[in-house]
Amino acid sequence: MKIWAHRGCSQMYPENTLLAFEKAMNIAGLTGIELDIQLTKDGELVVIHDERVDRTTEGTGYVRDFTLKELSKLHIYAGENEIQHIPTMEEVLDLLEDRLKSGMKLNIELKNSIYPYSGMEEKITGLVRERKFENAVVYSTFYARSLSKLKDLAPQSELGILDAKASDCIYKMKGDCGASVIHPFWKGIDVSAEDLKGYTVRTWMAGHLFPERPTGTKLNLNELEEKGITDIILNEPERYLN
């Protein structure tokens with residue numbers, strides 16, 4: 001089973017922050033880190049999951065309605081005297097550069113299924129190409145049309161189609177969206193392991209994000225492998241690899 005960090009180490013540290021990514025990149029044996037991108041009002045790539053800033057900062061409103069300068073003034077509280085901010089994609093690549101060059105992967109999810117940011121595919125693929133990380137990056141999205149664009153823009157990079165159910169991922173893939181791997185919810189494996197043979201099945205978690213307390217339990221990875229899952233994107237990868 002290949003282990004990925006979901007929005008960084010998002011159980012113990014605020015999701016999609018440089019702190020969460022730094023903690024994740026230092027975990028021995030980690031396959032990669034997953035994160036989410038959106039565009040600011042002035043067209044800058046920033047790393048944040050929700051379309052609104054309300055849940056993770058003290059601000060209110062949609063990411064697309066803030067300039068980068070305005071977003072940079074918002075705080076993400078990470079515990080005693082620790083304050084983070086919404087990072088730019090450039091900042092994240094600067095942080096992870098050495099690890100990406102030495103084999104770690106980066107799953108960039110384009111958050112464009114609710115608000116289809118114009119030009120986001122061109123911006124992110126251009127930045128990744130400029131930094132020479134094409135072979136280290138996986139692009140994923142729920143929006144099949146976006147993957148079709150990414151297929152032409154980033155032929156070297158792996159493309160993953162997201163959906164709640166494995167069957168829906170496979171359906172979209174067969175519609176020629178360009179995906180080469182499927183990214184269903186980890187509880188959404190609704191086809192047999194036999195039917196999943198030959199696929200990379202990279203599942204994702206939800207819930208139990210900072211500052212929620214750890215549950216104290218661990219997934220049985222052997223059982224998940226028996227269902228056909230090959231990779232899992234976890235909120236607390238450090239519990240499985242350290």
# chains A, B, ... in the order shown; residues from 1 in each chain; ligands from 1
$ residues_around --residues "stretch 170-172 of chain A" --least-positions-apart "4" --cutoff "9 Å" --atoms "only C-alpha atoms" --output "number ranges by chain"
A: 144, 161, 165-166, 176-177, 179, 181-182
$ write_last_selection --atoms "C-alpha atoms" --output "compact mmCIF listing (two decimals), in the first residue's frame"
# COMPACT_ATOMS: atom_id res chain seq x y z
CA ALA A 144 -13.66 15.63 -16.35
CA ILE A 161 -10.23 11.33 -11.92
CA LYS A 165 -17.51 5.88 -6.10
CA ALA A 166 -14.98 3.73 -7.92
CA ASP A 176 -11.87 9.58 -22.55
CA CYS A 177 -11.30 12.40 -20.06
CA ALA A 179 -7.29 10.01 -16.69
CA VAL A 181 -5.74 6.45 -12.53
CA ILE A 182 -8.88 6.61 -10.40
$ residues_around --residues "stretch 128-141 of chain A" --least-positions-apart "2" --cutoff "6 Å" --atoms "only C-alpha atoms" --output "ChimeraX atom specification"
/A:105-110,125-126,143,157-162
$ write_last_selection --atoms "N, CA, C and O atoms" --output "short mmCIF file (atom, residue, chain, number, x, y, z; two decimals), in the first residue's frame"
data_model
loop_
_atom_site.label_atom_id
_atom_site.label_comp_id
_atom_site.auth_asym_id
_atom_site.auth_seq_id
_atom_site.Cartn_x
_atom_site.Cartn_y
_atom_site.Cartn_z
N LYS A 105 6.28 12.30 -4.64
CA LYS A 105 5.27 12.77 -5.58
C LYS A 105 4.40 13.87 -4.96
O LYS A 105 4.31 13.99 -3.74
N LEU A 106 3.77 14.66 -5.84
CA LEU A 106 2.86 15.71 -5.39
C LEU A 106 1.57 15.59 -6.18
O LEU A 106 1.56 15.69 -7.41
N ASN A 107 0.46 15.35 -5.47
CA ASN A 107 -0.86 15.28 -6.09
C ASN A 107 -1.52 16.65 -5.97
O ASN A 107 -1.88 17.08 -4.88
N ILE A 108 -1.68 17.31 -7.10
CA ILE A 108 -2.29 18.64 -7.13
C ILE A 108 -3.74 18.49 -7.57
O ILE A 108 -4.02 18.14 -8.72
N GLU A 109 -4.68 18.72 -6.64
CA GLU A 109 -6.10 18.68 -7.00
C GLU A 109 -6.57 20.06 -7.40
O GLU A 109 -6.45 21.02 -6.64
N LEU A 110 -7.12 20.17 -8.59
CA LEU A 110 -7.68 21.43 -9.05
C LEU A 110 -9.11 21.54 -8.53
O LEU A 110 -9.97 20.71 -8.87
N THR A 125 0.08 24.00 -14.98
CA THR A 125 0.99 23.19 -15.81
C THR A 125 2.19 24.01 -16.26
O THR A 125 3.30 23.48 -16.36
N GLY A 126 1.97 25.30 -16.49
CA GLY A 126 3.09 26.16 -16.87
C GLY A 126 4.10 26.30 -15.74
O GLY A 126 5.32 26.25 -15.97
N TYR A 143 -13.67 17.30 -12.12
CA TYR A 143 -14.19 17.91 -13.34
C TYR A 143 -13.53 17.28 -14.56
O TYR A 143 -12.38 17.60 -14.89
N SER A 157 2.53 14.07 -17.28
CA SER A 157 2.06 13.90 -15.90
C SER A 157 0.90 12.93 -15.81
O SER A 157 0.10 12.79 -16.74
N GLU A 158 0.81 12.27 -14.65
CA GLU A 158 -0.29 11.34 -14.39
C GLU A 158 -1.55 12.13 -14.07
O GLU A 158 -1.50 13.13 -13.37
N LEU A 159 -2.69 11.65 -14.59
CA LEU A 159 -3.97 12.32 -14.35
C LEU A 159 -4.91 11.38 -13.61
O LEU A 159 -5.10 10.23 -14.02
N GLY A 160 -5.53 11.88 -12.53
CA GLY A 160 -6.44 11.08 -11.74
C GLY A 160 -7.84 11.68 -11.72
O GLY A 160 -7.99 12.89 -11.50
N ILE A 161 -8.85 10.85 -11.97
CA ILE A 161 -10.23 11.33 -11.92
C ILE A 161 -10.83 11.05 -10.54
O ILE A 161 -10.76 9.92 -10.05
N LEU A 162 -11.38 12.08 -9.94
CA LEU A 162 -11.98 11.98 -8.60
C LEU A 162 -13.49 11.76 -8.68
O LEU A 162 -14.16 12.32 -9.55
#
$ residues_around --residues "A:Met12" --least-positions-apart "4" --cutoff "10 Å" --atoms "only C-alpha atoms" --output "ChimeraX atom specification"
/A:8,20,23,78-79,208-214,235-236,238
$ closest_residue --among "A:Arg52, A:Glu34, A:Gly119, A:Leu96" --to "A:His183" --atoms "only C-alpha atoms"
A:Glu34
$ residues_around --residues "A:Glu226" --least-positions-apart "2" --cutoff "12 Å" --atoms "only C-alpha atoms" --output "number ranges by chain"
A: 1, 189, 192-194, 196-197, 201, 220-224, 228-230
$ residues_around --residues "A:Glu58" --least-positions-apart "5" --cutoff "8 Å" --atoms "only C-alpha atoms" --output "count of residues only"
4
$ residues_around --residues "stretch 4-7 of chain A" --least-positions-apart "6" --cutoff "9 Å" --atoms "only C-alpha atoms" --output "number ranges by chain"
A: 14-17, 20-21, 24-25, 30-36, 48-49, 105-107, 204-206, 231-238
$ write_last_selection --atoms "C-alpha atoms" --output "mmCIF file, in the first residue's frame"
data_model
loop_
_atom_site.group_PDB
_atom_site.id
_atom_site.type_symbol
_atom_site.label_atom_id
_atom_site.label_comp_id
_atom_site.auth_asym_id
_atom_site.auth_seq_id
_atom_site.Cartn_x
_atom_site.Cartn_y
_atom_site.Cartn_z
ATOM 1 C CA PRO A 14 -3.678 22.809 9.855
ATOM 2 C CA GLU A 15 -4.411 21.417 6.397
ATOM 3 C CA ASN A 16 -2.736 22.799 3.277
ATOM 4 C CA THR A 17 -0.215 24.884 5.203
ATOM 5 C CA ALA A 20 1.572 20.504 7.449
ATOM 6 C CA PHE A 21 3.603 19.944 4.278
ATOM 7 C CA ALA A 24 4.741 15.313 5.838
ATOM 8 C CA MET A 25 7.796 15.640 3.637
ATOM 9 C CA LEU A 30 5.859 8.536 2.246
ATOM 10 C CA THR A 31 4.907 8.209 -1.428
ATOM 11 C CA GLY A 32 3.585 11.726 -1.813
ATOM 12 C CA ILE A 33 1.615 14.728 -0.606
ATOM 13 C CA GLU A 34 -1.862 15.771 -1.785
ATOM 14 C CA LEU A 35 -3.010 19.407 -1.857
ATOM 15 C CA ASP A 36 -5.697 21.612 -3.427
ATOM 16 C CA ILE A 48 -6.626 25.883 -0.088
ATOM 17 C CA HIS A 49 -9.387 23.260 -0.151
ATOM 18 C CA LYS A 105 5.266 12.768 -5.584
ATOM 19 C CA LEU A 106 2.863 15.708 -5.388
ATOM 20 C CA ASN A 107 -0.859 15.277 -6.088
ATOM 21 C CA TRP A 204 -8.854 9.622 -0.226
ATOM 22 C CA MET A 205 -10.027 10.280 3.303
ATOM 23 C CA ALA A 206 -12.348 12.874 4.815
ATOM 24 C CA ASP A 231 -2.769 3.883 -2.624
ATOM 25 C CA ILE A 232 -4.414 5.757 0.225
ATOM 26 C CA ILE A 233 -4.293 9.488 0.973
ATOM 27 C CA LEU A 234 -4.360 9.766 4.781
ATOM 28 C CA ASN A 235 -4.845 12.622 7.236
ATOM 29 C CA GLU A 236 -2.311 11.097 9.649
ATOM 30 C CA PRO A 237 0.276 9.248 7.513
ATOM 31 C CA GLU A 238 2.804 9.562 10.326
#
$ decode --residues "stretch 105-135 of chain A" --atoms "N, CA and C atoms" --output "tab-separated table (two decimals), in the first residue's frame"
chain	number	residue	atom	x	y	z
A	105	LYS	N	6.28	12.30	-4.64
A	105	LYS	CA	5.27	12.77	-5.58
A	105	LYS	C	4.40	13.87	-4.96
A	106	LEU	N	3.77	14.66	-5.84
A	106	LEU	CA	2.86	15.71	-5.39
A	106	LEU	C	1.57	15.59	-6.18
A	107	ASN	N	0.46	15.35	-5.47
A	107	ASN	CA	-0.86	15.28	-6.09
A	107	ASN	C	-1.52	16.65	-5.97
A	108	ILE	N	-1.68	17.31	-7.10
A	108	ILE	CA	-2.29	18.64	-7.13
A	108	ILE	C	-3.74	18.49	-7.57
A	109	GLU	N	-4.68	18.72	-6.64
A	109	GLU	CA	-6.10	18.68	-7.00
A	109	GLU	C	-6.57	20.06	-7.40
A	110	LEU	N	-7.12	20.17	-8.59
A	110	LEU	CA	-7.68	21.43	-9.05
A	110	LEU	C	-9.11	21.54	-8.53
A	111	LYS	N	-9.38	22.54	-7.70
A	111	LYS	CA	-10.70	22.71	-7.11
A	111	LYS	C	-11.56	23.55	-8.07
A	112	ASN	N	-11.97	22.90	-9.16
A	112	ASN	CA	-12.69	23.62	-10.20
A	112	ASN	C	-14.00	22.96	-10.61
A	113	SER	N	-14.50	22.04	-9.79
A	113	SER	CA	-15.76	21.38	-10.14
A	113	SER	C	-16.97	22.22	-9.75
A	114	ILE	N	-16.81	23.13	-8.80
A	114	ILE	CA	-17.90	24.03	-8.40
A	114	ILE	C	-17.77	25.36	-9.11
A	115	TYR	N	-16.58	25.93	-9.09
A	115	TYR	CA	-16.31	27.18	-9.79
A	115	TYR	C	-15.17	26.92	-10.78
A	116	PRO	N	-15.45	26.80	-12.07
A	116	PRO	CA	-14.41	26.45	-13.05
A	116	PRO	C	-13.50	27.63	-13.38
A	117	TYR	N	-12.45	27.78	-12.58
A	117	TYR	CA	-11.53	28.89	-12.75
A	117	TYR	C	-10.93	28.90	-14.16
A	118	SER	N	-11.16	29.97	-14.89
A	118	SER	CA	-10.65	30.08	-16.25
A	118	SER	C	-9.13	30.20	-16.24
A	119	GLY	N	-8.47	29.33	-17.00
A	119	GLY	CA	-7.02	29.41	-17.15
A	119	GLY	C	-6.21	28.73	-16.07
A	120	MET	N	-6.88	28.09	-15.09
A	120	MET	CA	-6.12	27.47	-14.00
A	120	MET	C	-5.24	26.32	-14.51
A	121	GLU	N	-5.75	25.55	-15.46
A	121	GLU	CA	-4.96	24.44	-16.00
A	121	GLU	C	-3.67	24.94	-16.64
A	122	GLU	N	-3.79	26.01	-17.41
A	122	GLU	CA	-2.60	26.57	-18.06
A	122	GLU	C	-1.60	27.10	-17.04
A	123	LYS	N	-2.12	27.76	-16.01
A	123	LYS	CA	-1.22	28.34	-14.99
A	123	LYS	C	-0.45	27.28	-14.23
A	124	ILE	N	-1.16	26.23	-13.77
A	124	ILE	CA	-0.46	25.24	-12.94
A	124	ILE	C	0.49	24.39	-13.79
A	125	THR	N	0.08	24.00	-14.98
A	125	THR	CA	0.99	23.19	-15.81
A	125	THR	C	2.19	24.01	-16.26
A	126	GLY	N	1.97	25.30	-16.49
A	126	GLY	CA	3.09	26.16	-16.87
A	126	GLY	C	4.10	26.30	-15.74
A	127	LEU	N	3.59	26.46	-14.52
A	127	LEU	CA	4.47	26.59	-13.36
A	127	LEU	C	5.25	25.30	-13.13
A	128	VAL	N	4.56	24.17	-13.19
A	128	VAL	CA	5.21	22.87	-12.97
A	128	VAL	C	6.26	22.62	-14.06
A	129	ARG	N	5.95	22.97	-15.29
A	129	ARG	CA	6.91	22.80	-16.39
A	129	ARG	C	8.14	23.70	-16.19
A	130	GLU	N	7.88	24.92	-15.78
A	130	GLU	CA	8.97	25.86	-15.53
A	130	GLU	C	9.91	25.36	-14.44
A	131	ARG	N	9.34	24.70	-13.43
A	131	ARG	CA	10.14	24.18	-12.31
A	131	ARG	C	10.68	22.77	-12.59
A	132	LYS	N	10.29	22.20	-13.77
A	132	LYS	CA	10.77	20.88	-14.19
A	132	LYS	C	10.33	19.75	-13.24
A	133	PHE	N	9.06	19.82	-12.83
A	133	PHE	CA	8.51	18.80	-11.94
A	133	PHE	C	7.44	17.94	-12.62
A	134	GLU	N	7.40	17.95	-13.96
A	134	GLU	CA	6.33	17.22	-14.67
A	134	GLU	C	6.22	15.76	-14.23
A	135	ASN	N	7.34	15.11	-14.05
A	135	ASN	CA	7.31	13.68	-13.72
A	135	ASN	C	7.04	13.41	-12.24
